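Chemist: Sharing upload-v6.cif here; it has mmCIF, C-alpha atoms and all ligand atoms.
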```cif
data_query
#
loop_
_atom_site.label_atom_id
_atom_site.label_comp_id
_atom_site.auth_asym_id
_atom_site.auth_seq_id
_atom_site.Cartn_x
_atom_site.Cartn_y
_atom_site.Cartn_z
CA MET A 1 -17.45 23.94 42.50
CA SER A 2 -20.98 23.04 43.55
CA ASP A 3 -21.18 20.21 41.03
CA ARG A 4 -18.83 18.15 43.18
CA LEU A 5 -20.48 16.98 46.37
CA PRO A 6 -18.26 16.30 49.39
CA SER A 7 -17.65 12.60 49.63
CA HIS A 8 -15.41 12.61 52.68
CA PRO A 9 -15.38 14.70 55.89
CA ALA A 10 -11.70 15.48 55.30
CA GLU A 11 -12.74 17.56 52.29
CA ALA A 12 -14.98 19.84 54.34
CA HIS A 13 -12.27 22.46 54.97
CA ILE A 14 -11.76 23.27 51.26
CA PRO A 15 -13.48 26.64 50.62
CA HIS A 16 -13.36 26.72 46.80
CA ARG A 17 -12.89 23.34 45.34
CA LYS A 18 -11.07 23.01 42.04
CA HIS A 19 -13.18 21.90 39.11
CA PHE A 20 -10.41 19.66 37.81
CA LEU A 21 -10.94 20.39 34.08
CA SER A 22 -8.47 22.24 31.90
CA ASP A 23 -9.59 25.52 30.34
CA ARG A 24 -8.50 24.07 27.00
CA VAL A 25 -11.17 21.35 26.88
CA GLU A 26 -13.82 23.79 28.01
CA HIS A 27 -13.29 25.71 24.79
CA PHE A 28 -14.74 23.05 22.55
CA THR A 29 -17.59 20.57 22.53
CA GLU A 30 -17.72 16.86 21.81
CA SER A 31 -17.71 15.68 18.21
CA VAL A 32 -21.21 15.89 16.74
CA ILE A 33 -20.24 13.42 13.98
CA ARG A 34 -19.47 10.69 16.50
CA GLU A 35 -22.54 11.65 18.55
CA MET A 36 -24.77 11.16 15.49
CA THR A 37 -23.45 7.60 15.08
CA ARG A 38 -24.50 6.87 18.67
CA GLN A 39 -27.93 8.42 17.94
CA ALA A 40 -28.27 6.28 14.81
CA MET A 41 -27.60 3.13 16.87
CA LEU A 42 -30.05 4.22 19.57
CA HIS A 43 -32.89 4.83 17.09
CA GLY A 44 -32.12 2.05 14.60
CA ALA A 45 -31.55 4.68 11.91
CA VAL A 46 -29.63 4.31 8.65
CA ASN A 47 -26.30 5.95 9.45
CA LEU A 48 -25.42 8.50 6.77
CA ALA A 49 -23.74 10.65 9.44
CA GLN A 50 -20.21 9.45 10.22
CA GLY A 51 -18.08 8.84 7.15
CA PHE A 52 -17.16 5.16 7.32
CA PRO A 53 -17.88 2.48 4.72
CA ASP A 54 -20.42 -0.24 5.55
CA PHE A 55 -18.91 -2.56 2.92
CA PRO A 56 -15.91 -4.88 3.32
CA ALA A 57 -12.30 -3.81 2.96
CA PRO A 58 -10.34 -5.41 0.08
CA ALA A 59 -9.60 -9.12 0.74
CA GLU A 60 -5.86 -8.76 -0.08
CA ILE A 61 -5.41 -6.16 2.63
CA LYS A 62 -7.28 -8.17 5.25
CA GLN A 63 -5.14 -11.21 4.40
CA ALA A 64 -1.98 -9.13 4.72
CA ALA A 65 -3.09 -8.03 8.21
CA GLN A 66 -3.93 -11.61 9.22
CA GLN A 67 -0.57 -12.84 7.95
CA ALA A 68 1.28 -10.13 9.85
CA VAL A 69 -0.44 -11.11 13.10
CA ALA A 70 0.25 -14.81 12.43
CA ALA A 71 3.91 -14.02 11.66
CA ASP A 72 4.10 -12.32 15.07
CA VAL A 73 4.46 -8.75 13.96
CA ASN A 74 2.81 -8.00 17.28
CA GLN A 75 5.24 -5.75 19.11
CA TYR A 76 5.92 -2.03 18.67
CA ALA A 77 6.99 -0.96 15.22
CA ILE A 78 9.64 1.78 15.00
CA THR A 79 7.89 4.74 16.63
CA TRP A 80 7.76 6.81 13.40
CA GLY A 81 6.54 3.87 11.32
CA ALA A 82 7.43 0.41 10.01
CA LYS A 83 10.11 0.60 7.33
CA ASN A 84 8.02 -1.32 4.77
CA LEU A 85 5.15 1.13 5.09
CA ARG A 86 7.36 4.24 4.98
CA ASN A 87 9.07 2.90 1.87
CA ALA A 88 5.70 2.27 0.23
CA ILE A 89 4.45 5.77 1.13
CA ALA A 90 7.61 7.35 -0.32
CA ARG A 91 7.32 5.27 -3.49
CA GLN A 92 3.66 6.23 -4.02
CA MET A 93 4.33 9.93 -3.32
CA GLY A 94 6.73 9.66 -6.27
CA VAL A 95 4.12 7.98 -8.46
CA TRP A 96 1.13 10.15 -7.51
CA GLN A 97 2.66 13.52 -6.68
CA GLY A 98 5.98 13.36 -8.53
CA ILE A 99 7.72 14.20 -5.25
CA GLU A 100 10.85 12.50 -3.98
CA VAL A 101 10.52 11.78 -0.26
CA ASP A 102 13.13 10.32 2.09
CA PRO A 103 11.35 7.53 3.99
CA GLU A 104 14.02 7.65 6.73
CA LYS A 105 13.75 11.35 7.46
CA GLU A 106 10.49 12.77 6.16
CA ILE A 107 7.63 10.41 7.11
CA THR A 108 5.86 9.86 10.42
CA VAL A 109 3.25 7.10 10.60
CA CYS A 110 0.55 7.94 13.15
CA CYS A 111 -2.69 6.54 14.59
CA GLY A 112 -4.79 7.77 11.69
CA SER A 113 -4.55 11.08 9.88
CA THR A 114 -6.39 12.49 12.90
CA GLU A 115 -3.31 11.96 15.04
CA ALA A 116 -1.05 13.13 12.21
CA MET A 117 -2.94 16.45 12.17
CA ILE A 118 -2.89 17.09 15.93
CA SER A 119 0.76 15.95 16.22
CA THR A 120 1.68 18.35 13.41
CA LEU A 121 -0.14 21.28 15.02
CA LEU A 122 1.39 20.53 18.42
CA ALA A 123 4.79 20.33 16.73
CA VAL A 124 4.58 23.68 14.94
CA CYS A 125 2.30 26.04 16.90
CA ASN A 126 3.06 28.40 19.76
CA PRO A 127 0.49 30.34 21.80
CA GLY A 128 -0.44 33.42 19.80
CA ASP A 129 0.10 31.77 16.43
CA GLU A 130 -2.81 31.88 14.01
CA VAL A 131 -3.98 29.07 11.75
CA VAL A 132 -6.12 29.81 8.68
CA ILE A 133 -8.96 27.34 8.09
CA PHE A 134 -11.59 27.33 5.34
CA GLU A 135 -15.12 26.92 6.67
CA PRO A 136 -17.22 24.83 6.60
CA PHE A 137 -14.41 22.66 7.97
CA TYR A 138 -13.99 19.10 9.20
CA GLU A 139 -14.88 19.51 12.86
CA ASN A 140 -11.55 18.26 14.31
CA TYR A 141 -9.57 21.24 13.00
CA GLY A 142 -11.12 23.70 15.47
CA PRO A 143 -10.28 21.72 18.66
CA ASP A 144 -6.93 20.68 17.13
CA SER A 145 -5.96 24.35 16.83
CA VAL A 146 -7.17 25.13 20.36
CA LEU A 147 -5.27 22.16 21.83
CA SER A 148 -2.10 23.34 20.12
CA GLY A 149 -2.53 26.85 21.55
CA ALA A 150 -3.14 28.44 18.15
CA LYS A 151 -5.99 30.72 17.20
CA PRO A 152 -8.06 29.57 14.22
CA LYS A 153 -8.94 32.24 11.63
CA PHE A 154 -11.76 31.22 9.34
CA VAL A 155 -12.22 31.99 5.66
CA LYS A 156 -15.62 31.27 4.14
CA LEU A 157 -16.30 28.80 1.36
CA ARG A 158 -19.54 29.88 -0.31
CA PRO A 159 -21.99 27.31 -1.69
CA PRO A 160 -22.54 27.26 -5.44
CA GLN A 161 -25.46 29.30 -6.72
CA GLU A 162 -26.06 27.21 -9.82
CA GLU A 163 -26.59 23.46 -10.13
CA ASN A 164 -23.28 21.55 -10.46
CA GLY A 165 -21.34 24.69 -9.47
CA THR A 166 -18.50 24.55 -6.98
CA TRP A 167 -17.88 26.12 -3.59
CA THR A 168 -15.75 29.24 -3.92
CA PHE A 169 -13.88 31.64 -1.65
CA ASP A 170 -13.26 35.35 -1.87
CA GLU A 171 -9.64 36.06 -2.73
CA LYS A 172 -9.61 39.29 -0.73
CA GLU A 173 -11.04 37.59 2.35
CA LEU A 174 -8.29 34.95 2.14
CA CYS A 175 -5.59 37.62 1.76
CA ARG A 176 -6.94 39.48 4.79
CA ALA A 177 -6.66 36.32 6.92
CA PHE A 178 -2.87 36.23 6.46
CA ASP A 179 -0.64 38.44 8.60
CA LYS A 180 2.56 38.26 10.63
CA HIS A 181 0.93 35.98 13.24
CA THR A 182 -0.12 33.36 10.69
CA LYS A 183 1.81 30.13 11.26
CA ALA A 184 -0.10 27.74 9.02
CA ILE A 185 -3.07 27.17 6.78
CA ILE A 186 -5.01 23.90 7.01
CA LEU A 187 -6.21 22.81 3.63
CA ASN A 188 -8.42 19.78 3.02
CA THR A 189 -8.75 18.80 -0.62
CA PRO A 190 -10.85 16.93 -1.76
CA ASN A 191 -12.84 18.65 0.95
CA ASN A 192 -14.96 17.33 3.80
CA PRO A 193 -17.80 18.36 4.09
CA THR A 194 -18.29 20.31 0.83
CA GLY A 195 -16.82 17.92 -1.76
CA LYS A 196 -14.84 20.82 -3.22
CA VAL A 197 -11.61 19.95 -5.01
CA PHE A 198 -9.28 22.96 -5.00
CA THR A 199 -8.09 23.96 -8.47
CA ARG A 200 -4.48 24.63 -9.45
CA GLU A 201 -5.27 28.34 -9.69
CA GLU A 202 -6.70 28.40 -6.15
CA LEU A 203 -3.76 26.41 -4.79
CA GLU A 204 -1.31 28.76 -6.48
CA LEU A 205 -2.99 31.72 -4.84
CA ILE A 206 -2.68 30.00 -1.45
CA ARG A 207 0.95 29.11 -2.28
CA ASP A 208 1.74 32.74 -3.08
CA LEU A 209 0.33 33.82 0.30
CA CYS A 210 2.31 31.10 2.10
CA LEU A 211 5.49 32.38 0.47
CA GLU A 212 4.70 36.05 1.09
CA PHE A 213 3.85 35.57 4.78
CA ASP A 214 6.27 32.69 5.48
CA VAL A 215 3.46 30.26 6.30
CA LEU A 216 3.28 26.46 6.42
CA ALA A 217 0.57 24.56 4.49
CA ILE A 218 -0.83 21.57 6.37
CA THR A 219 -2.83 19.61 3.85
CA ASP A 220 -5.27 16.84 4.65
CA GLU A 221 -5.45 14.76 1.45
CA ILE A 222 -7.23 11.71 2.84
CA TYR A 223 -9.81 11.72 -0.02
CA GLU A 224 -7.10 12.04 -2.70
CA HIS A 225 -8.38 9.08 -4.73
CA ILE A 226 -12.10 9.79 -4.44
CA LEU A 227 -12.72 12.16 -7.37
CA TYR A 228 -15.59 12.61 -9.83
CA ASP A 229 -16.27 13.91 -13.31
CA GLY A 230 -12.62 14.04 -14.41
CA THR A 231 -11.57 16.32 -11.52
CA GLU A 232 -7.84 16.23 -10.72
CA HIS A 233 -6.26 16.19 -7.27
CA ILE A 234 -3.29 18.52 -7.02
CA ALA A 235 -1.01 18.12 -4.02
CA MET A 236 0.17 21.40 -2.52
CA VAL A 237 3.64 19.93 -1.96
CA SER A 238 4.06 19.57 -5.72
CA LEU A 239 3.77 23.34 -6.37
CA ALA A 240 7.00 25.28 -6.86
CA GLY A 241 8.21 26.73 -3.56
CA MET A 242 6.09 24.41 -1.36
CA ARG A 243 8.33 21.34 -1.05
CA ASP A 244 9.69 22.32 2.36
CA ARG A 245 6.74 24.32 3.66
CA THR A 246 4.04 21.67 3.26
CA VAL A 247 3.02 18.92 5.66
CA THR A 248 1.07 16.36 3.62
CA ILE A 249 -1.31 14.27 5.69
CA ASN A 250 -2.92 11.12 4.39
CA GLY A 251 -3.84 7.64 5.54
CA MET A 252 -5.37 4.26 4.82
CA SER A 253 -8.88 4.88 6.17
CA LYS A 254 -10.71 6.22 3.13
CA THR A 255 -8.62 4.84 0.25
CA TYR A 256 -8.73 1.26 1.54
CA SER A 257 -12.02 1.34 3.52
CA VAL A 258 -10.36 0.62 6.88
CA THR A 259 -11.35 3.59 9.07
CA GLY A 260 -11.05 1.46 12.23
CA TRP A 261 -7.43 0.51 11.65
CA ARG A 262 -6.11 3.97 12.53
CA VAL A 263 -3.13 4.13 10.22
CA GLY A 264 -2.25 7.54 8.81
CA TRP A 265 0.88 9.58 8.17
CA ALA A 266 2.45 13.01 7.88
CA VAL A 267 5.09 13.77 5.23
CA ALA A 268 7.25 16.85 5.84
CA ALA A 269 10.77 18.22 5.55
CA GLU A 270 13.28 16.70 7.97
CA LYS A 271 13.26 19.46 10.59
CA ILE A 272 9.45 19.52 10.83
CA THR A 273 9.32 15.73 10.74
CA ASN A 274 11.69 15.54 13.71
CA ALA A 275 9.33 17.74 15.71
CA ILE A 276 6.24 15.75 14.61
CA ARG A 277 7.99 12.48 15.52
CA LYS A 278 8.72 13.73 19.04
CA VAL A 279 5.09 14.66 19.67
CA HIS A 280 3.82 11.46 18.08
CA ASP A 281 6.16 9.27 20.12
CA PHE A 282 5.02 10.71 23.45
CA LEU A 283 1.35 10.77 22.45
CA THR A 284 0.92 7.24 21.11
CA VAL A 285 4.35 5.54 20.68
CA GLY A 286 3.16 4.10 17.40
CA ALA A 287 0.40 2.92 15.11
CA PRO A 288 -0.62 -0.79 15.17
CA ALA A 289 2.38 -2.79 13.87
CA PRO A 290 0.59 -5.58 11.91
CA LEU A 291 -1.74 -3.08 10.27
CA GLN A 292 1.25 -1.07 9.11
CA GLU A 293 2.52 -4.18 7.30
CA ALA A 294 -0.91 -4.50 5.70
CA GLY A 295 -0.59 -0.82 4.76
CA ALA A 296 2.55 -1.61 2.76
CA ALA A 297 0.53 -4.28 0.88
CA ALA A 298 -2.35 -1.84 0.32
CA LEU A 299 -0.06 0.79 -1.19
CA SER A 300 1.15 -1.89 -3.62
CA LEU A 301 -2.29 -2.48 -5.16
CA PRO A 302 -2.36 -1.92 -8.93
CA PRO A 303 -3.58 1.39 -10.47
CA ALA A 304 -6.85 -0.31 -11.49
CA TYR A 305 -7.81 -0.47 -7.80
CA TYR A 306 -8.03 3.33 -7.60
CA VAL A 307 -9.98 3.66 -10.85
CA HIS A 308 -12.50 1.15 -9.53
CA LEU A 309 -12.68 2.91 -6.12
CA ALA A 310 -13.55 6.27 -7.67
CA GLU A 311 -16.06 4.73 -10.08
CA ARG A 312 -17.92 2.90 -7.27
CA TYR A 313 -18.06 6.16 -5.30
CA ARG A 314 -19.45 8.01 -8.30
CA GLU A 315 -22.20 5.40 -8.48
CA ARG A 316 -22.97 5.88 -4.78
CA ARG A 317 -23.07 9.66 -5.18
CA ASP A 318 -25.40 9.34 -8.15
CA HIS A 319 -27.54 6.91 -6.15
CA LEU A 320 -28.06 9.14 -3.10
CA MET A 321 -28.31 12.59 -4.68
CA PRO A 322 -31.51 12.01 -6.70
CA ALA A 323 -33.14 10.48 -3.60
CA LEU A 324 -32.25 13.58 -1.57
CA THR A 325 -33.46 15.91 -4.31
CA ALA A 326 -36.73 13.99 -4.65
CA ALA A 327 -37.24 14.26 -0.88
CA GLY A 328 -36.92 18.07 -1.05
CA PHE A 329 -33.24 18.79 -0.33
CA ARG A 330 -31.22 21.16 -2.49
CA CYS A 331 -27.92 19.30 -2.91
CA PHE A 332 -24.51 20.76 -3.60
CA GLN A 333 -22.91 18.23 -5.92
CA PRO A 334 -19.48 17.09 -4.66
CA GLN A 335 -16.50 16.84 -7.04
CA GLY A 336 -14.62 14.63 -4.60
CA ALA A 337 -14.73 12.91 -1.15
CA TYR A 338 -17.87 11.02 -0.11
CA TYR A 339 -20.21 13.56 1.42
CA VAL A 340 -22.98 15.74 0.11
CA MET A 341 -24.01 18.98 1.78
CA ALA A 342 -27.70 19.70 1.35
CA ASP A 343 -29.89 22.72 1.99
CA ILE A 344 -32.91 22.02 4.24
CA SER A 345 -34.88 25.25 3.72
CA ALA A 346 -37.79 23.35 2.13
CA PHE A 347 -38.68 21.60 5.40
CA GLY A 348 -39.36 24.65 7.58
CA PHE A 349 -37.33 23.64 10.63
CA ASP A 350 -35.91 26.20 13.07
CA ASP A 351 -32.40 24.93 12.54
CA ASP A 352 -30.22 22.06 11.37
CA VAL A 353 -30.03 20.44 14.82
CA ALA A 354 -33.83 20.26 15.17
CA PHE A 355 -34.03 18.89 11.64
CA ALA A 356 -31.30 16.26 12.24
CA ARG A 357 -33.07 15.18 15.44
CA HIS A 358 -36.36 14.79 13.55
CA LEU A 359 -34.61 12.88 10.76
CA VAL A 360 -32.92 10.38 13.07
CA GLN A 361 -35.86 9.89 15.44
CA LYS A 362 -38.90 10.05 13.16
CA ILE A 363 -37.63 9.23 9.67
CA GLY A 364 -34.85 6.81 10.67
CA VAL A 365 -31.92 8.39 8.83
CA ALA A 366 -28.89 9.95 10.55
CA CYS A 367 -27.05 12.93 9.04
CA VAL A 368 -24.69 15.52 10.53
CA PRO A 369 -26.14 18.98 11.33
CA GLY A 370 -24.42 21.62 9.19
CA SER A 371 -23.60 23.83 12.18
CA SER A 372 -20.94 21.37 13.35
CA PHE A 373 -18.80 22.48 10.41
CA TYR A 374 -18.98 26.21 11.23
CA ARG A 375 -17.64 28.43 14.00
CA HIS A 376 -21.00 30.22 14.33
CA PRO A 377 -23.83 27.65 14.40
CA ARG A 378 -26.15 30.02 12.52
CA ASP A 379 -23.95 29.78 9.42
CA GLY A 380 -24.81 26.10 9.08
CA ALA A 381 -28.40 26.31 10.32
CA LYS A 382 -29.83 25.55 6.86
CA GLN A 383 -27.47 22.72 5.96
CA VAL A 384 -26.90 19.07 6.79
CA ARG A 385 -24.27 16.59 5.58
CA PHE A 386 -24.92 13.07 4.29
CA ALA A 387 -22.18 10.45 3.82
CA PHE A 388 -22.66 8.07 0.90
CA CYS A 389 -19.85 5.56 1.57
CA LYS A 390 -22.53 2.88 1.83
CA THR A 391 -23.81 -0.20 -0.04
CA PRO A 392 -26.63 0.16 -2.60
CA ALA A 393 -28.93 -1.64 -0.13
CA THR A 394 -28.19 0.93 2.59
CA LEU A 395 -28.71 3.82 0.17
CA ASP A 396 -32.01 2.26 -1.05
CA GLU A 397 -33.25 1.94 2.51
CA ALA A 398 -32.28 5.54 3.24
CA ALA A 399 -34.12 6.69 0.08
CA ARG A 400 -37.24 4.73 1.08
CA ARG A 401 -37.25 6.40 4.50
CA LEU A 402 -36.41 9.89 3.19
CA ALA A 403 -39.45 9.72 0.89
CA LYS A 404 -41.58 10.06 4.06
CA LEU A 405 -40.24 13.54 4.79
CA ARG A 406 -42.81 16.31 4.47
CA ARG A 407 -42.03 19.69 2.95
CA LEU A 408 -43.51 23.05 3.90
CA SER A 409 -45.21 23.11 0.50
CA ASP A 410 -46.93 19.73 1.05
CA SER A 411 -50.64 20.25 1.69
CA GLY A 412 -52.61 18.71 4.55
N1 LIG B 501 -14.00 11.77 8.50
C1 LIG B 501 -15.23 11.12 8.85
C2 LIG B 501 -16.37 12.10 8.90
O1 LIG B 501 -16.19 13.27 8.67
C3 LIG B 501 -15.11 10.37 10.14
C4 LIG B 501 -14.78 11.26 11.26
C5 LIG B 501 -14.43 10.53 12.47
O2 LIG B 501 -15.30 10.21 13.21
N2 LIG B 501 -13.18 10.26 12.66
O3 LIG B 501 -17.46 11.69 9.17
#
```
Show me this structure written as structure tokens.

Modeler:
Amino acid sequence: MSDRLPSHPAEAHIPHRKHFLSDRVEHFTESVIREMTRQAMLHGAVNLAQGFPDFPAPAEIKQAAQQAVAADVNQYAITWGAKNLRNAIARQMGVWQGIEVDPEKEITVCCGSTEAMISTLLAVCNPGDEVVIFEPFYENYGPDSVLSGAKPKFVKLRPPQEENGTWTFDEKELCRAFDKHTKAIILNTPNNPTGKVFTREELELIRDLCLEFDVLAITDEIYEHILYDGTEHIAMVSLAGMRDRTVTINGMSKTYSVTGWRVGWAVAAEKITNAIRKVHDFLTVGAPAPLQEAGAAALSLPPAYYVHLAERYRERRDHLMPALTAAGFRCFQPQGAYYVMADISAFGFDDDVAFARHLVQKIGVACVPGSSFYRHPRDGAKQVRFAFCKTPATLDEAARRLAKLRRLSDSG
């Protein structure tokens, strides 16, 4: 390859030099979400791009982590997770989902739900398998499928037409996506980036397809406790027929505001868990041992903690959305998770990437271009995503800066 210059005379004989990169990585690009955080730092912008809280994690959890380090829980935990944490996960699955889980045989603790997802896909997919994904989708799912050799098949979520409406999908389009090659469906509810919370009726439809086509549901439920307006989270694993064909993925990051700790988990039937554990062990050996102990403490927080968490997030949502609307965005109100997708048609930009660049460089606010959540960039060209997991002061500063945006309709 011409992009590698000879550095040593002994290389001169090689006619066609290898380009050293796998075809796999050439099939996807870097994460735009993470790139936007770097852009925000470069331009001193308010970072409403990457979804991480800018407020402190609960004091009890931090103390539990400090105590674990001081007590010398500093060597590898059991590769599939510290016993205390697995017991706590199993207990809470019983409380929240009404599902009995065997902590010895059905839980794998990973380095974040991100690793739980890729380990699961690597554990279950063969080349030629297809994985159904709703789009817009959290950007990792595309590369995750490619890395596992599977082919993603996308089903559209359509934005609501009316104010306060929800994103919907076409039942026939979903049915068409399932066939004999379908190995799994990835479902993220509450959903990133749309804020959609799938209803029981929708989940039952997906369940029926999983049963008909012998398909596994891999559900990312990381925003399980961040719900608004009385919306209910229903876990796929709790639906009749899904107990042994669901991999439930969750983690500490969002529920306990510790995205940097990298503690997540996958809960699945024993046979699937054994496969996930093998992949996980060779990929990472294990998640950080002292932080797993702190995870056990976190999962023991009283129910009031979760009520408070959701209420604070509702306040943040209701803080940012009016500021976005006043600045000229058309917002799609989320029912869960901590993002808002917004339509940018009013600003007259060529596309979402040009708009996001303008916003971070000239206005001083970072968002994520909508196209990063779609297979075809044009489908997201009129949308951007804002994260509102931020303090009131951060949201105020963002609102102050967003007020400087000019719309097409502004004169002069
Ligand atoms: N889930 C968060 C988001 O969508 C953070 C993603 C990440 O960088 N791991 O922004």

Chemist: Hey, could you pull the box centre and edge lengths for ligand LIG 501 (chain B), axis-aligned, 4 Å padding per side, all listed atoms, to one decimal in Å, as lines of an AutoDock Vina configuration file?

Modeler:
```
center_x = -15.3
center_y = 11.7
center_z = 10.9
size_x = 12.3
size_y = 11.1
size_z = 12.7
```

Chemist: From the set A:Gly195, A:Gly380, A:Pro369, A:Gly165, which residue has the shortest atom-to-atom contact distance to A:Val32, counting all atoms listed in the file?

Modeler: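 Smallest separation from A:Val32 among the options: A:Pro369.
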
Chemist: Between atom CA of A:Leu122 and atom CA of A:Thr248, what is the spacing in Å?

Modeler: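 Spanning atom CA of A:Thr248 to atom CA of A:Leu122 is a straight-line distance of 15.4 Å.
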
Chemist: Grab me every residue within 8 Å of ligand LIG 501 (chain B), counting only C-alpha atoms and all ligand atoms, and send it over as a list in words.

Modeler: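 After applying the 8 Å limit, what remains is Ser31, Ile33, Arg34, Ala49, Gln50, Gly51, Phe52, Thr114, Tyr138, Glu139, Asn192, Pro193, Thr259 and Ala387 of chain A.
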
Chemist: Taking C-alpha atoms for each residue, export the selection above as a PDB file, in the frame of the given file.

Modeler:
```pdb
ATOM      1  CA  SER A  31     -17.710  15.680  18.210  1.00  0.00           C
ATOM      2  CA  ILE A  33     -20.240  13.420  13.980  1.00  0.00           C
ATOM      3  CA  ARG A  34     -19.470  10.690  16.500  1.00  0.00           C
ATOM      4  CA  ALA A  49     -23.740  10.650   9.440  1.00  0.00           C
ATOM      5  CA  GLN A  50     -20.210   9.450  10.220  1.00  0.00           C
ATOM      6  CA  GLY A  51     -18.080   8.840   7.150  1.00  0.00           C
ATOM      7  CA  PHE A  52     -17.160   5.160   7.320  1.00  0.00           C
ATOM      8  CA  THR A 114      -6.390  12.490  12.900  1.00  0.00           C
ATOM      9  CA  TYR A 138     -13.990  19.100   9.200  1.00  0.00           C
ATOM     10  CA  GLU A 139     -14.880  19.510  12.860  1.00  0.00           C
ATOM     11  CA  ASN A 192     -14.960  17.330   3.800  1.00  0.00           C
ATOM     12  CA  PRO A 193     -17.800  18.360   4.090  1.00  0.00           C
ATOM     13  CA  THR A 259     -11.350   3.590   9.070  1.00  0.00           C
ATOM     14  CA  ALA A 387     -22.180  10.450   3.820  1.00  0.00           C
TER      15      ALA A 387
END
```

Chemist: When you draw a straight line from atom CA of A:Val368 to atom CA of A:Ala398, how long is it in Å?

Modeler: 14.5 Å

Chemist: Around (-1.2, 11.7, -0.1) in the file's frame, which residues reach within 8 Å when counting all atoms listed in the file? Return as a list of chain:residue names?

Modeler: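 So the residues meeting the distance criterion are A:Met93, A:Trp96, A:Gln97, A:Glu221, A:Ile222, A:Glu224, A:Ala235, A:Thr248, A:Ile249, A:Asn250, A:Gly251.
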
Chemist: For the interface of stretch 256-361 of chain A with stretch 166-178 of chain A (cut-off 9 Å, counting all atoms listed in the file), please tabulate each contacting residue of stretch 256-361 of chain A alongside its nearest pair of atoms and their separation in Å to one decimal, rows sorted by chain and increasing number, as CSV.

Modeler:
```
residue,atom,partner,partner_atom,distance
A:Phe332,CA,A:Thr166,CA,7.9
A:Gln333,CA,A:Thr166,CA,7.8
A:Pro334,CA,A:Thr166,CA,7.9
A:Gln335,CA,A:Thr166,CA,8.0
```

Chemist: What does the distance from atom CA of A:Ser148 to atom CA of A:Lys278 come to in Å, to one decimal?

Modeler: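 Separation between atom CA of A:Ser148 and atom CA of A:Lys278: 14.5 Å.
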
Chemist: Show which residues sit within 10 Å of A:Arg407, as an MDAnalysis selection string. Count all atoms listed in the file, and ignore same-chain residues fewer than 4 positions away.

Modeler: chainID A and resid 327:329 344:349 411

Chemist: With distances taken over all atoms listed in the file, which of A:Val267, A:Ala323, A:Met236, A:Ala296 is nearest to A:Leu395?

Modeler: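 Using all atoms listed in the file, A:Leu395 sits closest to A:Ala323.
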
Chemist: Which residue gives the smallest distance to A:Glu60 among A:Leu299, A:Ala337, A:Leu309, A:Ala366, with all atoms listed in the file counted?

Modeler: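 The shortest atom-to-atom distance to A:Glu60 comes from A:Leu299.
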
Chemist: Which is closest to A:Tyr228 among A:Val124, A:Val307, A:Ile272, A:Leu42, if we use all atoms listed in the file?

Modeler: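 Nearest to A:Tyr228: A:Val307.
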
Chemist: Could you check the closest approach to A:Leu121 for each of A:Asn84, A:Thr273, A:Gln92, A:Ser238 and tell me which residue wins, using only C-alpha atoms?

Modeler: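 Ranked by minimum distance to A:Leu121, first place goes to A:Thr273.
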
Chemist: Which is closest to A:Thr37 among A:Pro127, A:Lys183, A:Gly241, A:Val365, if we use all atoms listed in the file?

Modeler: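 Using all atoms listed in the file, A:Thr37 sits closest to A:Val365.
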
Chemist: Leaving out A:Met117 and any residue of its chain fewer than 4 positions from it, which residues lie within 9 Å of it when counting all atoms listed in the file, given as a list in words?

Modeler: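 With the cut-off at 9 Å, the set is Gly112, Ser113, Leu121, Leu122, Tyr141, Asp144, Ile218, Thr219, Asp220, Ile249, Trp265 and Ala266 of chain A.
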
Chemist: Stretch 73-78 of chain A: which residues within 12 Å, counting all atoms listed in the file, same-chain residues fewer than 3 positions away excluded, as JSON, numbers by chain?

Modeler: {"A": [64, 65, 66, 67, 68, 69, 70, 81, 82, 83, 84, 85, 86, 104, 107, 108, 109, 110, 277, 280, 281, 284, 285, 286, 287, 288, 289, 290, 291, 292, 293, 294]}

Chemist: Given the selection you just returned, output its residues as a file containing C-alpha atoms, formatted as a CSV table (one decimal), in the coordinates of the input.

Modeler:
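Below is the file that was written, result02.csv:
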```
chain,number,residue,atom,x,y,z
A,64,ALA,CA,-2.0,-9.1,4.7
A,65,ALA,CA,-3.1,-8.0,8.2
A,66,GLN,CA,-3.9,-11.6,9.2
A,67,GLN,CA,-0.6,-12.8,8.0
A,68,ALA,CA,1.3,-10.1,9.8
A,69,VAL,CA,-0.4,-11.1,13.1
A,70,ALA,CA,0.2,-14.8,12.4
A,81,GLY,CA,6.5,3.9,11.3
A,82,ALA,CA,7.4,0.4,10.0
A,83,LYS,CA,10.1,0.6,7.3
A,84,ASN,CA,8.0,-1.3,4.8
A,85,LEU,CA,5.2,1.1,5.1
A,86,ARG,CA,7.4,4.2,5.0
A,104,GLU,CA,14.0,7.6,6.7
A,107,ILE,CA,7.6,10.4,7.1
A,108,THR,CA,5.9,9.9,10.4
A,109,VAL,CA,3.2,7.1,10.6
A,110,CYS,CA,0.6,7.9,13.2
A,277,ARG,CA,8.0,12.5,15.5
A,280,HIS,CA,3.8,11.5,18.1
A,281,ASP,CA,6.2,9.3,20.1
A,284,THR,CA,0.9,7.2,21.1
A,285,VAL,CA,4.4,5.5,20.7
A,286,GLY,CA,3.2,4.1,17.4
A,287,ALA,CA,0.4,2.9,15.1
A,288,PRO,CA,-0.6,-0.8,15.2
A,289,ALA,CA,2.4,-2.8,13.9
A,290,PRO,CA,0.6,-5.6,11.9
A,291,LEU,CA,-1.7,-3.1,10.3
A,292,GLN,CA,1.2,-1.1,9.1
A,293,GLU,CA,2.5,-4.2,7.3
A,294,ALA,CA,-0.9,-4.5,5.7
```
